[in-house]
$ cat start-v5.txt   # compact mmCIF, C-alpha atoms
# COMPACT_ATOMS: atom_id res chain seq x y z
CA MET A 21 -14.53 5.75 -121.34
CA THR A 22 -14.98 7.06 -124.87
CA THR A 23 -12.03 7.30 -127.21
CA SER A 24 -10.52 10.65 -128.05
CA PRO A 25 -10.05 12.11 -131.53
CA ARG A 26 -7.23 10.35 -133.29
CA SER A 27 -3.90 12.12 -133.35
CA ALA A 28 -3.10 14.08 -136.50
CA ALA A 29 0.26 12.27 -136.60
CA LEU A 30 -1.09 9.11 -138.18
CA PRO A 31 1.42 6.31 -138.68
CA ASP A 32 1.24 6.49 -142.49
CA SER A 33 2.29 10.15 -142.34
CA SER A 34 5.82 9.11 -141.37
CA PRO A 35 8.38 8.61 -144.14
CA ASP A 36 9.54 5.46 -142.31
CA VAL A 37 6.21 3.69 -142.87
CA ASP A 38 6.63 1.55 -145.97
CA LEU A 39 4.30 -1.38 -145.19
CA ASP A 40 0.52 -1.33 -144.98
CA LEU A 41 0.24 -4.57 -143.01
CA VAL A 42 2.78 -6.78 -141.25
CA LEU A 43 1.90 -10.29 -140.07
CA PHE A 44 3.96 -11.03 -136.96
CA GLY A 45 4.18 -14.77 -136.30
CA ALA A 46 3.92 -15.78 -139.94
CA THR A 47 5.94 -18.96 -139.33
CA GLY A 48 3.47 -20.39 -136.78
CA PHE A 49 0.59 -22.68 -137.72
CA VAL A 50 -2.18 -20.08 -137.53
CA GLY A 51 0.17 -17.42 -138.89
CA ARG A 52 0.64 -19.46 -142.06
CA LEU A 53 -3.13 -19.78 -142.45
CA VAL A 54 -3.55 -16.01 -142.08
CA ALA A 55 -0.80 -15.45 -144.65
CA GLU A 56 -2.61 -17.74 -147.11
CA HIS A 57 -5.82 -15.79 -146.58
CA LEU A 58 -4.07 -12.46 -147.10
CA VAL A 59 -2.63 -13.66 -150.41
CA GLU A 60 -6.12 -14.55 -151.61
CA GLN A 61 -7.46 -11.18 -150.55
CA GLU A 62 -4.60 -9.12 -151.92
CA ALA A 63 -5.72 -9.91 -155.45
CA HIS A 64 -8.89 -7.90 -154.75
CA THR A 65 -7.33 -4.82 -153.14
CA SER A 66 -6.66 -1.68 -155.12
CA PRO A 67 -4.08 -0.32 -154.94
CA PRO A 68 -2.15 -3.47 -153.95
CA LEU A 69 -1.24 -3.63 -150.28
CA ARG A 70 2.35 -3.52 -149.14
CA ILE A 71 2.48 -6.62 -146.94
CA GLY A 72 5.29 -7.92 -144.75
CA LEU A 73 5.89 -11.22 -142.98
CA ALA A 74 7.63 -10.97 -139.62
CA GLY A 75 9.24 -13.50 -137.31
CA ARG A 76 12.47 -14.48 -135.60
CA SER A 77 14.06 -16.46 -138.43
CA ARG A 78 14.65 -15.07 -141.92
CA ARG A 79 15.20 -18.59 -143.23
CA ARG A 80 11.79 -19.75 -142.01
CA LEU A 81 10.16 -16.59 -143.32
CA GLU A 82 11.68 -17.26 -146.73
CA GLN A 83 10.28 -20.79 -146.62
CA ILE A 84 6.80 -19.53 -145.77
CA ARG A 85 6.88 -16.91 -148.52
CA ALA A 86 8.15 -19.45 -151.06
CA ALA A 87 5.24 -21.78 -150.25
CA LEU A 88 2.68 -19.02 -150.93
CA PRO A 89 1.34 -18.16 -154.40
CA GLU A 90 3.51 -16.08 -156.73
CA ARG A 91 1.70 -12.87 -155.70
CA ALA A 92 3.52 -13.04 -152.35
CA SER A 93 7.01 -13.20 -153.88
CA GLY A 94 7.50 -9.48 -153.38
CA TRP A 95 6.35 -9.39 -149.76
CA GLU A 96 8.87 -7.89 -147.39
CA LEU A 97 10.51 -10.10 -144.75
CA VAL A 98 11.00 -8.46 -141.36
CA VAL A 99 13.12 -10.14 -138.71
CA ALA A 100 11.78 -9.33 -135.25
CA ASP A 101 11.75 -11.09 -131.90
CA SER A 102 9.24 -10.65 -129.08
CA GLY A 103 12.18 -10.48 -126.67
CA ASP A 104 14.03 -7.78 -128.63
CA ALA A 105 12.51 -4.36 -128.00
CA ALA A 106 14.59 -2.65 -130.67
CA SER A 107 13.42 -5.04 -133.40
CA LEU A 108 9.79 -4.58 -132.32
CA ALA A 109 10.15 -0.80 -132.37
CA ALA A 110 11.58 -1.00 -135.88
CA LEU A 111 8.72 -3.26 -136.99
CA ALA A 112 6.04 -1.00 -135.52
CA GLY A 113 7.70 2.05 -137.03
CA ARG A 114 7.48 0.61 -140.55
CA ALA A 115 3.87 -0.64 -140.43
CA ARG A 116 0.47 0.97 -140.56
CA VAL A 117 -1.07 -2.22 -139.12
CA VAL A 118 0.46 -5.15 -137.24
CA VAL A 119 -1.41 -8.46 -137.07
CA SER A 120 0.00 -10.70 -134.33
CA THR A 121 -0.42 -14.45 -133.90
CA VAL A 122 2.47 -14.75 -131.43
CA GLY A 123 1.13 -16.11 -128.16
CA PRO A 124 0.74 -16.82 -125.36
CA TYR A 125 0.30 -13.08 -125.33
CA LEU A 126 0.87 -12.69 -121.61
CA ARG A 127 4.37 -14.06 -122.15
CA HIS A 128 5.19 -12.65 -125.59
CA GLY A 129 2.73 -9.91 -126.47
CA ILE A 130 3.20 -6.89 -124.22
CA PRO A 131 6.44 -5.52 -125.75
CA LEU A 132 4.90 -5.52 -129.25
CA VAL A 133 1.80 -3.67 -128.04
CA GLU A 134 4.02 -1.15 -126.27
CA ALA A 135 5.95 -0.58 -129.50
CA CYS A 136 2.74 -0.13 -131.52
CA VAL A 137 1.33 2.31 -128.98
CA ALA A 138 4.52 4.37 -129.07
CA ALA A 139 4.54 4.43 -132.88
CA GLY A 140 0.81 5.08 -133.27
CA THR A 141 0.49 1.82 -135.22
CA ASP A 142 -2.78 -0.12 -135.39
CA TYR A 143 -2.68 -3.70 -134.08
CA VAL A 144 -4.92 -6.76 -133.84
CA ASP A 145 -4.32 -10.16 -132.24
CA LEU A 146 -5.93 -13.48 -131.27
CA THR A 147 -5.68 -13.32 -127.50
CA GLY A 148 -8.11 -15.05 -125.19
CA GLU A 149 -6.23 -14.09 -122.02
CA VAL A 150 -7.92 -11.94 -119.39
CA LEU A 151 -4.68 -11.16 -117.57
CA PHE A 152 -2.97 -9.97 -120.76
CA VAL A 153 -5.79 -7.65 -121.78
CA ARG A 154 -6.12 -6.34 -118.24
CA GLN A 155 -2.47 -5.29 -118.36
CA LEU A 156 -3.02 -3.57 -121.69
CA VAL A 157 -6.02 -1.65 -120.34
CA ASP A 158 -4.18 -0.57 -117.20
CA ARG A 159 -0.88 0.31 -118.85
CA PHE A 160 -1.63 1.46 -122.39
CA HIS A 161 -5.22 2.59 -122.95
CA GLU A 162 -4.60 6.27 -122.29
CA ALA A 163 -1.28 6.25 -124.15
CA ALA A 164 -2.94 4.60 -127.16
CA ARG A 165 -5.66 7.24 -127.13
CA GLY A 166 -2.93 9.85 -127.26
CA SER A 167 -0.92 8.26 -130.07
CA GLY A 168 -3.98 7.19 -132.08
CA ALA A 169 -3.01 3.51 -132.05
CA ARG A 170 -6.05 1.27 -132.34
CA ILE A 171 -5.02 -1.78 -130.32
CA VAL A 172 -7.68 -4.39 -131.07
CA VAL A 173 -7.70 -7.56 -128.98
CA SER A 174 -9.34 -10.91 -129.75
CA GLY A 175 -9.81 -10.85 -133.51
CA GLY A 176 -10.57 -14.58 -133.90
CA PHE A 177 -13.10 -17.08 -132.61
CA ASP A 178 -12.28 -15.44 -129.30
CA SER A 179 -14.18 -13.12 -129.40
CA VAL A 180 -15.48 -11.91 -132.78
CA PRO A 181 -18.72 -14.00 -132.90
CA SER A 182 -19.68 -12.95 -129.37
CA ASP A 183 -18.78 -9.29 -129.82
CA LEU A 184 -20.37 -8.82 -133.25
CA ALA A 185 -23.56 -10.67 -132.28
CA VAL A 186 -24.22 -8.21 -129.45
CA HIS A 187 -23.19 -5.32 -131.71
CA LEU A 188 -25.82 -6.41 -134.25
CA LEU A 189 -28.47 -6.76 -131.55
CA HIS A 190 -27.69 -3.31 -130.20
CA ARG A 191 -27.89 -1.71 -133.65
CA GLN A 192 -31.18 -3.44 -134.50
CA VAL A 193 -32.85 -2.63 -131.19
CA GLN A 194 -31.76 0.99 -131.57
CA GLN A 195 -33.15 1.19 -135.10
CA ASP A 196 -36.47 -0.25 -133.93
CA GLY A 197 -36.72 2.12 -130.97
CA ALA A 198 -37.05 -0.81 -128.58
CA GLY A 199 -34.80 0.69 -125.90
CA GLY A 200 -31.63 -0.94 -124.60
CA LEU A 201 -30.63 -4.56 -124.19
CA THR A 202 -31.25 -6.36 -120.92
CA ASP A 203 -30.73 -10.10 -120.33
CA THR A 204 -28.67 -11.41 -123.24
CA THR A 205 -27.51 -15.00 -123.76
CA LEU A 206 -25.24 -16.55 -126.36
CA ARG A 207 -26.02 -20.21 -126.95
CA VAL A 208 -23.46 -22.36 -128.66
CA GLY A 209 -25.23 -24.38 -131.33
CA ARG A 210 -23.42 -26.52 -133.87
CA VAL A 211 -19.63 -26.66 -133.47
CA ARG A 212 -17.07 -28.97 -134.98
CA GLY A 213 -13.39 -28.29 -134.50
CA GLY A 214 -10.45 -28.79 -132.23
CA VAL A 215 -8.90 -26.65 -129.53
CA SER A 216 -5.72 -24.99 -130.77
CA GLY A 217 -2.38 -25.59 -129.11
CA GLY A 218 -2.00 -21.85 -128.64
CA THR A 219 -5.27 -21.65 -126.69
CA VAL A 220 -4.12 -24.47 -124.42
CA ASP A 221 -0.76 -22.80 -123.87
CA SER A 222 -2.50 -19.52 -123.01
CA LEU A 223 -4.47 -21.35 -120.31
CA ARG A 224 -1.23 -22.79 -118.95
CA GLN A 225 0.33 -19.34 -118.71
CA GLN A 226 -2.63 -17.85 -116.86
CA LEU A 227 -2.70 -20.71 -114.39
CA ASP A 228 1.04 -20.28 -113.81
CA GLN A 229 0.54 -16.57 -113.18
CA VAL A 230 -2.20 -17.24 -110.64
CA ARG A 231 -0.10 -19.83 -108.88
CA ALA A 232 2.75 -17.31 -108.62
CA ASP A 233 0.41 -14.49 -107.53
CA PRO A 234 -2.86 -15.75 -105.97
CA SER A 235 -4.25 -12.20 -105.87
CA LEU A 236 -4.79 -12.49 -109.64
CA ARG A 237 -7.70 -14.83 -108.94
CA ARG A 238 -9.73 -11.75 -108.11
CA VAL A 239 -9.03 -10.34 -111.56
CA LEU A 240 -10.02 -13.56 -113.30
CA SER A 241 -13.22 -13.86 -111.27
CA ASP A 242 -14.30 -10.23 -111.81
CA PRO A 243 -17.06 -10.08 -114.49
CA GLU A 244 -15.97 -6.51 -115.29
CA ALA A 245 -12.23 -7.23 -115.22
CA LEU A 246 -11.67 -5.57 -118.61
CA SER A 247 -14.14 -2.70 -118.31
CA GLY A 248 -11.60 -0.15 -117.10
CA GLY A 249 -13.45 0.66 -113.90
CA ILE A 250 -16.81 1.30 -115.61
CA PRO A 251 -19.42 -0.59 -113.55
CA GLY A 252 -21.81 -2.95 -115.26
CA ALA A 253 -25.39 -3.83 -114.48
CA PRO A 254 -26.21 -5.13 -110.97
CA GLY A 255 -26.36 -8.90 -110.68
CA GLN A 256 -23.72 -9.59 -113.32
CA ARG A 257 -21.83 -12.74 -112.44
CA ASP A 258 -20.37 -15.83 -114.01
CA VAL A 259 -22.22 -19.09 -114.48
CA TRP A 260 -20.26 -22.00 -113.06
CA THR A 261 -22.92 -24.66 -112.56
CA PRO A 262 -25.60 -26.25 -114.77
CA PHE A 263 -29.14 -24.91 -114.52
CA VAL A 264 -32.49 -24.99 -116.30
CA GLU A 265 -33.36 -21.91 -118.33
CA GLN A 266 -36.79 -20.57 -117.48
CA GLY A 267 -37.66 -19.62 -121.04
CA THR A 268 -36.60 -22.83 -122.78
CA GLY A 269 -36.97 -25.44 -120.04
CA GLY A 270 -33.66 -26.95 -121.15
CA TRP A 271 -30.46 -27.55 -119.23
CA VAL A 272 -27.38 -25.49 -120.04
CA ALA A 273 -23.71 -25.66 -119.04
CA PRO A 274 -21.05 -22.93 -119.10
CA PHE A 275 -19.29 -22.38 -122.43
CA VAL A 276 -15.55 -23.02 -122.20
CA MET A 277 -14.63 -19.50 -123.38
CA ALA A 278 -17.42 -17.69 -121.55
CA THR A 279 -15.20 -16.25 -118.84
CA TYR A 280 -13.17 -14.48 -121.51
CA ASN A 281 -15.71 -13.64 -124.21
CA THR A 282 -18.17 -12.13 -121.74
CA ARG A 283 -15.54 -9.71 -120.51
CA VAL A 284 -14.72 -8.59 -124.05
CA VAL A 285 -18.41 -7.92 -124.72
CA ARG A 286 -18.69 -5.99 -121.47
CA ARG A 287 -15.63 -3.95 -122.43
CA SER A 288 -17.40 -3.04 -125.67
CA ASN A 289 -20.32 -1.80 -123.62
CA ALA A 290 -18.00 0.15 -121.30
CA LEU A 291 -16.12 1.74 -124.21
CA ARG A 292 -19.49 2.87 -125.59
CA ASP A 293 -20.46 4.45 -122.27
CA ARG A 294 -22.80 1.53 -121.57
CA ALA A 295 -24.82 2.26 -124.69
CA TYR A 296 -26.08 -1.35 -124.75
CA GLY A 297 -28.28 -0.48 -121.79
CA ARG A 298 -28.06 0.16 -118.07
CA GLY A 299 -29.64 -3.22 -117.46
CA PHE A 300 -27.45 -5.12 -119.93
CA ARG A 301 -26.36 -8.51 -118.58
CA TYR A 302 -24.56 -11.06 -120.70
CA ARG A 303 -23.65 -14.72 -120.47
CA GLU A 304 -22.64 -17.64 -122.73
CA VAL A 305 -23.89 -21.20 -122.34
CA VAL A 306 -24.02 -24.59 -124.04
CA PRO A 307 -27.54 -26.08 -124.27
CA THR A 308 -27.58 -29.77 -123.39
CA GLY A 309 -31.26 -30.67 -123.71
CA ARG A 310 -34.24 -31.27 -121.45
CA GLY A 311 -34.94 -33.69 -118.66
CA VAL A 312 -32.59 -36.19 -117.08
CA ARG A 313 -30.42 -36.56 -120.16
CA GLY A 314 -29.99 -32.83 -120.44
CA ARG A 315 -29.00 -32.62 -116.81
CA VAL A 316 -26.48 -35.44 -117.16
CA ARG A 317 -24.89 -33.81 -120.20
CA ALA A 318 -24.74 -30.39 -118.53
CA THR A 319 -23.15 -31.91 -115.42
CA ALA A 320 -20.63 -33.79 -117.54
CA VAL A 321 -19.63 -30.68 -119.51
CA THR A 322 -19.21 -28.63 -116.34
CA ALA A 323 -17.23 -31.39 -114.61
CA ALA A 324 -14.94 -31.77 -117.62
CA LEU A 325 -14.15 -28.06 -117.66
CA GLY A 326 -13.46 -28.00 -113.94
CA GLY A 327 -11.40 -31.16 -114.15
CA LEU A 328 -9.23 -29.78 -116.94
CA VAL A 329 -8.42 -26.61 -115.02
CA ALA A 330 -7.75 -28.59 -111.83
CA ALA A 331 -5.47 -31.03 -113.62
CA MET A 332 -3.52 -28.27 -115.35
CA SER A 333 -3.15 -26.49 -112.02
CA THR A 334 -1.66 -29.58 -110.35
CA PRO A 335 2.05 -30.12 -111.10
CA GLY A 336 1.81 -33.90 -110.81
CA LEU A 337 -1.07 -34.11 -113.26
CA ARG A 338 -0.14 -31.40 -115.76
CA SER A 339 2.46 -33.53 -117.56
CA LEU A 340 -0.12 -36.26 -118.09
CA VAL A 341 -2.69 -33.79 -119.42
CA ASP A 342 -0.12 -32.12 -121.66
CA ARG A 343 0.42 -35.38 -123.51
CA LEU A 344 -3.24 -35.45 -124.49
CA LEU A 345 -3.59 -31.82 -125.54
CA PRO A 346 -2.35 -30.16 -128.75
CA THR A 347 0.96 -28.33 -128.60
CA PRO A 348 1.57 -24.78 -129.87
CA GLY A 349 2.40 -24.55 -133.55
CA THR A 350 0.38 -27.62 -134.51
CA GLY A 351 -3.06 -28.05 -135.98
CA PRO A 352 -5.43 -30.25 -137.95
CA SER A 353 -5.10 -31.27 -141.59
CA PRO A 354 -6.62 -29.14 -144.38
CA GLU A 355 -9.42 -31.69 -144.71
CA ARG A 356 -10.32 -31.48 -141.03
CA ARG A 357 -10.12 -27.70 -141.06
CA ALA A 358 -12.47 -27.54 -144.02
CA ALA A 359 -14.93 -29.96 -142.39
CA GLY A 360 -15.30 -27.85 -139.27
CA PHE A 361 -18.00 -25.26 -138.61
CA PHE A 362 -19.64 -23.21 -135.88
CA GLU A 363 -22.96 -21.53 -135.19
CA VAL A 364 -23.89 -19.40 -132.20
CA ARG A 365 -27.27 -17.78 -131.51
CA THR A 366 -27.53 -14.81 -129.20
CA VAL A 367 -30.93 -13.78 -127.87
CA THR A 368 -31.77 -10.62 -125.97
CA LEU A 369 -34.75 -9.11 -124.19
CA ALA A 370 -35.12 -5.44 -125.13
CA GLU A 371 -36.34 -2.86 -122.67
CA ASP A 372 -39.75 -2.69 -124.35
CA GLY A 373 -40.25 -6.44 -123.78
CA SER A 374 -39.56 -7.58 -127.34
CA ARG A 375 -37.05 -10.30 -128.13
CA TYR A 376 -34.31 -10.26 -130.75
CA ALA A 377 -31.88 -12.90 -131.97
CA ALA A 378 -28.56 -12.71 -133.81
CA VAL A 379 -26.90 -15.68 -135.49
CA VAL A 380 -23.20 -15.88 -136.34
CA ALA A 381 -22.02 -18.95 -138.23
CA ALA A 382 -19.31 -20.05 -140.64
CA GLN A 383 -17.86 -23.08 -142.34
CA GLY A 384 -14.36 -24.09 -141.26
CA ASP A 385 -12.75 -25.20 -138.02
CA PRO A 386 -13.48 -22.30 -135.67
CA GLY A 387 -10.05 -22.30 -134.02
CA TYR A 388 -8.09 -22.43 -137.27
CA ALA A 389 -9.86 -21.94 -140.63
CA ALA A 390 -12.56 -19.53 -139.46
CA THR A 391 -10.20 -17.77 -137.07
CA SER A 392 -7.64 -17.12 -139.81
CA VAL A 393 -10.35 -15.47 -141.91
CA MET A 394 -11.62 -13.37 -139.00
CA LEU A 395 -8.13 -12.17 -138.06
CA GLY A 396 -7.12 -11.54 -141.66
CA GLN A 397 -10.27 -9.52 -142.31
CA ALA A 398 -9.78 -7.56 -139.08
CA GLY A 399 -6.27 -6.64 -140.21
CA LEU A 400 -7.53 -5.67 -143.66
CA ALA A 401 -10.28 -3.54 -142.14
CA LEU A 402 -7.67 -1.56 -140.22
CA ALA A 403 -5.41 -1.31 -143.26
CA CYS A 404 -7.99 -0.58 -145.96
CA ASP A 405 -11.04 0.89 -144.24
CA GLY A 406 -9.47 3.24 -141.72
CA GLY A 407 -11.57 6.16 -142.87
CA ARG A 408 -14.79 4.20 -142.28
CA LEU A 409 -13.90 3.08 -138.77
CA CYS A 410 -15.53 5.03 -135.97
CA ALA A 411 -13.09 4.30 -133.15
CA ASP A 412 -9.97 6.27 -132.41
CA GLY A 413 -7.01 5.07 -130.35
CA GLY A 414 -7.16 2.87 -127.27
CA ILE A 415 -7.35 -0.74 -126.16
CA LEU A 416 -10.36 -1.72 -128.24
CA THR A 417 -12.60 -4.66 -129.03
CA PRO A 418 -13.56 -5.85 -132.53
CA ALA A 419 -17.08 -4.43 -132.25
CA VAL A 420 -15.91 -1.01 -131.10
CA ALA A 421 -12.96 -0.75 -133.47
CA MET A 422 -14.60 -2.12 -136.63
CA GLY A 423 -18.27 -2.89 -136.02
CA ASP A 424 -20.29 -2.81 -139.24
CA VAL A 425 -17.14 -2.78 -141.41
CA LEU A 426 -16.05 -6.16 -140.05
CA VAL A 427 -19.61 -7.47 -140.34
CA GLU A 428 -19.62 -6.55 -144.04
CA ARG A 429 -16.21 -8.08 -144.62
CA LEU A 430 -17.10 -11.39 -142.97
CA ARG A 431 -20.39 -11.62 -144.85
CA ALA A 432 -18.41 -11.21 -148.07
CA GLN A 433 -16.32 -14.21 -146.96
CA GLY A 434 -19.41 -16.41 -146.63
CA PHE A 435 -20.03 -15.93 -142.90
CA THR A 436 -23.61 -15.79 -141.68
CA LEU A 437 -24.36 -12.71 -139.55
CA THR A 438 -28.08 -12.09 -139.18
CA VAL A 439 -30.26 -10.26 -136.69
CA GLY A 440 -33.98 -9.74 -136.24
CA ARG A 441 -36.92 -9.64 -133.92
CA VAL A 442 -38.30 -13.02 -132.83
CA ASP A 443 -41.74 -14.04 -131.58
CA GLY A 444 -41.33 -16.10 -128.44
CA GLY A 445 -38.98 -18.93 -129.37
CA GLY A 446 -36.63 -18.94 -126.42
CA SER A 447 -35.76 -16.81 -123.47
CA ALA A 448 -33.08 -14.19 -123.62
CA GLY A 449 -32.58 -14.39 -119.93
CA GLY A 450 -33.16 -17.65 -118.14
CA ASP A 451 -32.86 -18.55 -114.51
CA ALA A 452 -33.04 -15.29 -112.61
CA GLY A 453 -30.75 -16.73 -110.00
CA ALA A 454 -28.04 -17.46 -112.55
CA GLN A 455 -27.64 -14.20 -114.45
CA GLY A 456 -24.15 -13.44 -115.65
CA ALA A 457 -21.63 -14.96 -117.97
$ encode --input "start-v5.txt" --output "structure tokens"
Amino acid sequence: MTTSPRSAALPDSSPDVDLDLVLFGATGFVGRLVAEHLVEQEAHTSPPLRIGLAGRSRRRLEQIRAALPERASGWELVVADSGDAASLAALAGRARVVVSTVGPYLRHGIPLVEACVAAGTDYVDLTGEVLFVRQLVDRFHEAARGSGARIVVSGGFDSVPSDLAVHLLHRQVQQDGAGGLTDTTLRVGRVRGGVSGGTVDSLRQQLDQVRADPSLRRVLSDPEALSGGIPGAPGQRDVWTPFVEQGTGGWVAPFVMATYNTRVVRRSNALRDRAYGRGFRYREVVPTGRGVRGRVRATAVTAALGGLVAAMSTPGLRSLVDRLLPTPGTGPSPERRAAGFFEVRTVTLAEDGSRYAAVVAAQGDPGYAATSVMLGQAGLALACDGGRLCADGGILTPAVAMGDVLVERLRAQGFTLTVGRVDGGGSAGGDAGAQGA
């Protein structure tokens, strides 16, 4: 499932391409944060980038641009609607890179991706939706390989920390000659931040799709749902219940985004012809401590996750739950965004028996402040560092599309991304009966 050499007809070879980067969804809450980050970064790019802001309403776009620093006064405004194929084709035809914050992507995102694939335009988004990415893989991967369009999914908290952590582990283990990766576990450490309204709405859309077509449950429950038919290691399956890790002796619960992030990481492995290792198995968990208290916490976390999905799947309860959850287009205050943070630690057991750990951490609410930086830097990597990127066209992941380039960019923004060999200090695997997500 390797990518093919990029087409000679690159998007910036067309006389119609007059914008280096277009932010689609600039009038939304996260879109505005990404726009603010791009303004800060534009001052350090040479030559200056040609940036556009895109959305349905010119009036709202003008308001967003007017609220940005003076450097943005010359940014182009592009009126485009996710329901208007002609406007999306025009947008994609003008841009070298499109950054999209317009979700839920299953509802709004496919026509834009189709337009970018047809135009050979690079693209990156914030999706955390298995069903959306599965459609992209099935419908557009080969066409994107042909046109040279690098369609990069999940350029925010879903799933950059997960994907880059395993990328770093793979590179380090390779450099040390320790063989491939085997049992690999991401543990969520310190996190402070809210769940975005867009993430909640994406969950709603997926649940609605499954209710309309129950056969989609098989896609959602498939650990290799996004791997394009490339089989993973035997024994790969999701973790749904609390358990005690053998190496640490502590209880763990499933991480709320594990059923998405794990599939993105496995797609990275599939796109690299399973270079991570034939025995690579990956999961994400939340440690809750040892003993009775740890078990109670793990049970509570698992029950809360199951209860939320059950409530949102039940028509009579969904309206009650919706009143308690954030709505799309809203978000926390600047003070709360700045006070947030996250840290995840991913540990692996290499084939030679040695253990390695990678840490990814950043200041800022992970779903808003940190995500806007990750997405903005992913877009800038595509726009500014195209010659350094290894991947050609296709439906790609952040690690495959940008890898070390994105690592460097995020480090320059104050993110922590470290990797190294560890002596003991925690199992990479855990309960042998609970391998998987």
$ atom_distance --input "start-v5.txt" --atom1 "CA of Ser241 (chain A)" --atom2 "CA of Tyr280 (chain A)"
10.3 Å
$ residues_around --input "start-v5.txt" --residues "Asp385 (chain A)" --least-positions-apart "4" --cutoff "8 Å" --atoms "all atoms listed in the file" --output "list in words"
Arg212, Gly213, Gly214, Arg356, Arg357, Ala358, Ala359, Gly360, Phe361, Phe362, Ala389, Ala390 and Thr391 of chain A
$ write_last_selection --input "start-v5.txt" --atoms "C-alpha atoms" --output "mmCIF file, keeping the file's coordinate frame"
data_model
loop_
_atom_site.group_PDB
_atom_site.id
_atom_site.type_symbol
_atom_site.label_atom_id
_atom_site.label_comp_id
_atom_site.auth_asym_id
_atom_site.auth_seq_id
_atom_site.Cartn_x
_atom_site.Cartn_y
_atom_site.Cartn_z
ATOM 1 C CA ARG A 212 -17.070 -28.970 -134.980
ATOM 2 C CA GLY A 213 -13.390 -28.290 -134.500
ATOM 3 C CA GLY A 214 -10.450 -28.790 -132.230
ATOM 4 C CA ARG A 356 -10.320 -31.480 -141.030
ATOM 5 C CA ARG A 357 -10.120 -27.700 -141.060
ATOM 6 C CA ALA A 358 -12.470 -27.540 -144.020
ATOM 7 C CA ALA A 359 -14.930 -29.960 -142.390
ATOM 8 C CA GLY A 360 -15.300 -27.850 -139.270
ATOM 9 C CA PHE A 361 -18.000 -25.260 -138.610
ATOM 10 C CA PHE A 362 -19.640 -23.210 -135.880
ATOM 11 C CA ALA A 389 -9.860 -21.940 -140.630
ATOM 12 C CA ALA A 390 -12.560 -19.530 -139.460
ATOM 13 C CA THR A 391 -10.200 -17.770 -137.070
#
$ closest_residue --input "start-v5.txt" --among "A:Pro67, A:Gly414, A:Gly270, A:Pro307" --to "Arg210 (chain A)" --atoms "all atoms listed in the file"
A:Pro307
$ residues_around --input "start-v5.txt" --residues "Ala290 (chain A)" --least-positions-apart "6" --cutoff "10 Å" --atoms "all atoms listed in the file" --output "list in words"
Met21, Thr22, Glu244, Leu246, Ser247, Gly248, Gly249, Ile250, Pro251, Gly252, Val284 and Tyr296 of chain A
$ atom_distance --input "start-v5.txt" --atom1 "CA of Glu96 (chain A)" --atom2 "CA of Ala432 (chain A)"
27.5 Å
$ closest_residue --input "start-v5.txt" --among "A:Pro89, A:Ala63, A:Val117, A:Ser374" --to "Leu400 (chain A)" --atoms "all atoms listed in the file"
A:Val117
$ residues_around --input "start-v5.txt" --residues "Gly423 (chain A)" --least-positions-apart "4" --cutoff "8 Å" --atoms "all atoms listed in the file" --output "list of chain:residue names"
A:Leu184, A:His187, A:Leu409, A:Pro418, A:Ala419, A:Val427
$ atom_distance --input "start-v5.txt" --atom1 "CA of Gly217 (chain A)" --atom2 "CA of Arg231 (chain A)"
21.2 Å
$ closest_residue --input "start-v5.txt" --among "A:Asp178, A:Asp372, A:Glu134, A:Leu39" --to "Ala163 (chain A)" --atoms "all atoms listed in the file"
A:Glu134
$ residues_around --input "start-v5.txt" --residues "Pro274 (chain A)" --least-positions-apart "5" --cutoff "10 Å" --atoms "all atoms listed in the file" --output "list of chain:residue names"
A:Arg207, A:Val208, A:Asp258, A:Val259, A:Trp260, A:Thr261, A:Pro262, A:Phe263, A:Thr279, A:Arg303, A:Glu304, A:Val305, A:Val306, A:Pro307, A:Ala318, A:Thr319, A:Val321, A:Thr322, A:Leu325, A:Ala457
$ write_last_selection --input "start-v5.txt" --atoms "C-alpha atoms" --output "PDB file, in the frame of the given file"
ATOM      1  CA  ARG A 207     -26.020 -20.210-126.950  1.00  0.00           C
ATOM      2  CA  VAL A 208     -23.460 -22.360-128.660  1.00  0.00           C
ATOM      3  CA  ASP A 258     -20.370 -15.830-114.010  1.00  0.00           C
ATOM      4  CA  VAL A 259     -22.220 -19.090-114.480  1.00  0.00           C
ATOM      5  CA  TRP A 260     -20.260 -22.000-113.060  1.00  0.00           C
ATOM      6  CA  THR A 261     -22.920 -24.660-112.560  1.00  0.00           C
ATOM      7  CA  PRO A 262     -25.600 -26.250-114.770  1.00  0.00           C
ATOM      8  CA  PHE A 263     -29.140 -24.910-114.520  1.00  0.00           C
ATOM      9  CA  THR A 279     -15.200 -16.250-118.840  1.00  0.00           C
ATOM     10  CA  ARG A 303     -23.650 -14.720-120.470  1.00  0.00           C
ATOM     11  CA  GLU A 304     -22.640 -17.640-122.730  1.00  0.00           C
ATOM     12  CA  VAL A 305     -23.890 -21.200-122.340  1.00  0.00           C
ATOM     13  CA  VAL A 306     -24.020 -24.590-124.040  1.00  0.00           C
ATOM     14  CA  PRO A 307     -27.540 -26.080-124.270  1.00  0.00           C
ATOM     15  CA  ALA A 318     -24.740 -30.390-118.530  1.00  0.00           C
ATOM     16  CA  THR A 319     -23.150 -31.910-115.420  1.00  0.00           C
ATOM     17  CA  VAL A 321     -19.630 -30.680-119.510  1.00  0.00           C
ATOM     18  CA  THR A 322     -19.210 -28.630-116.340  1.00  0.00           C
ATOM     19  CA  LEU A 325     -14.150 -28.060-117.660  1.00  0.00           C
ATOM     20  CA  ALA A 457     -21.630 -14.960-117.970  1.00  0.00           C
TER      21      ALA A 457
END
$ residues_around --input "start-v5.txt" --residues "Pro131 (chain A)" --least-positions-apart "6" --cutoff "10 Å" --atoms "only C-alpha atoms" --output "list in words"
Asp101, Ser102, Gly103, Asp104, Ala105, Ala106, Leu108, Ala109, Tyr125 and Val137 of chain A
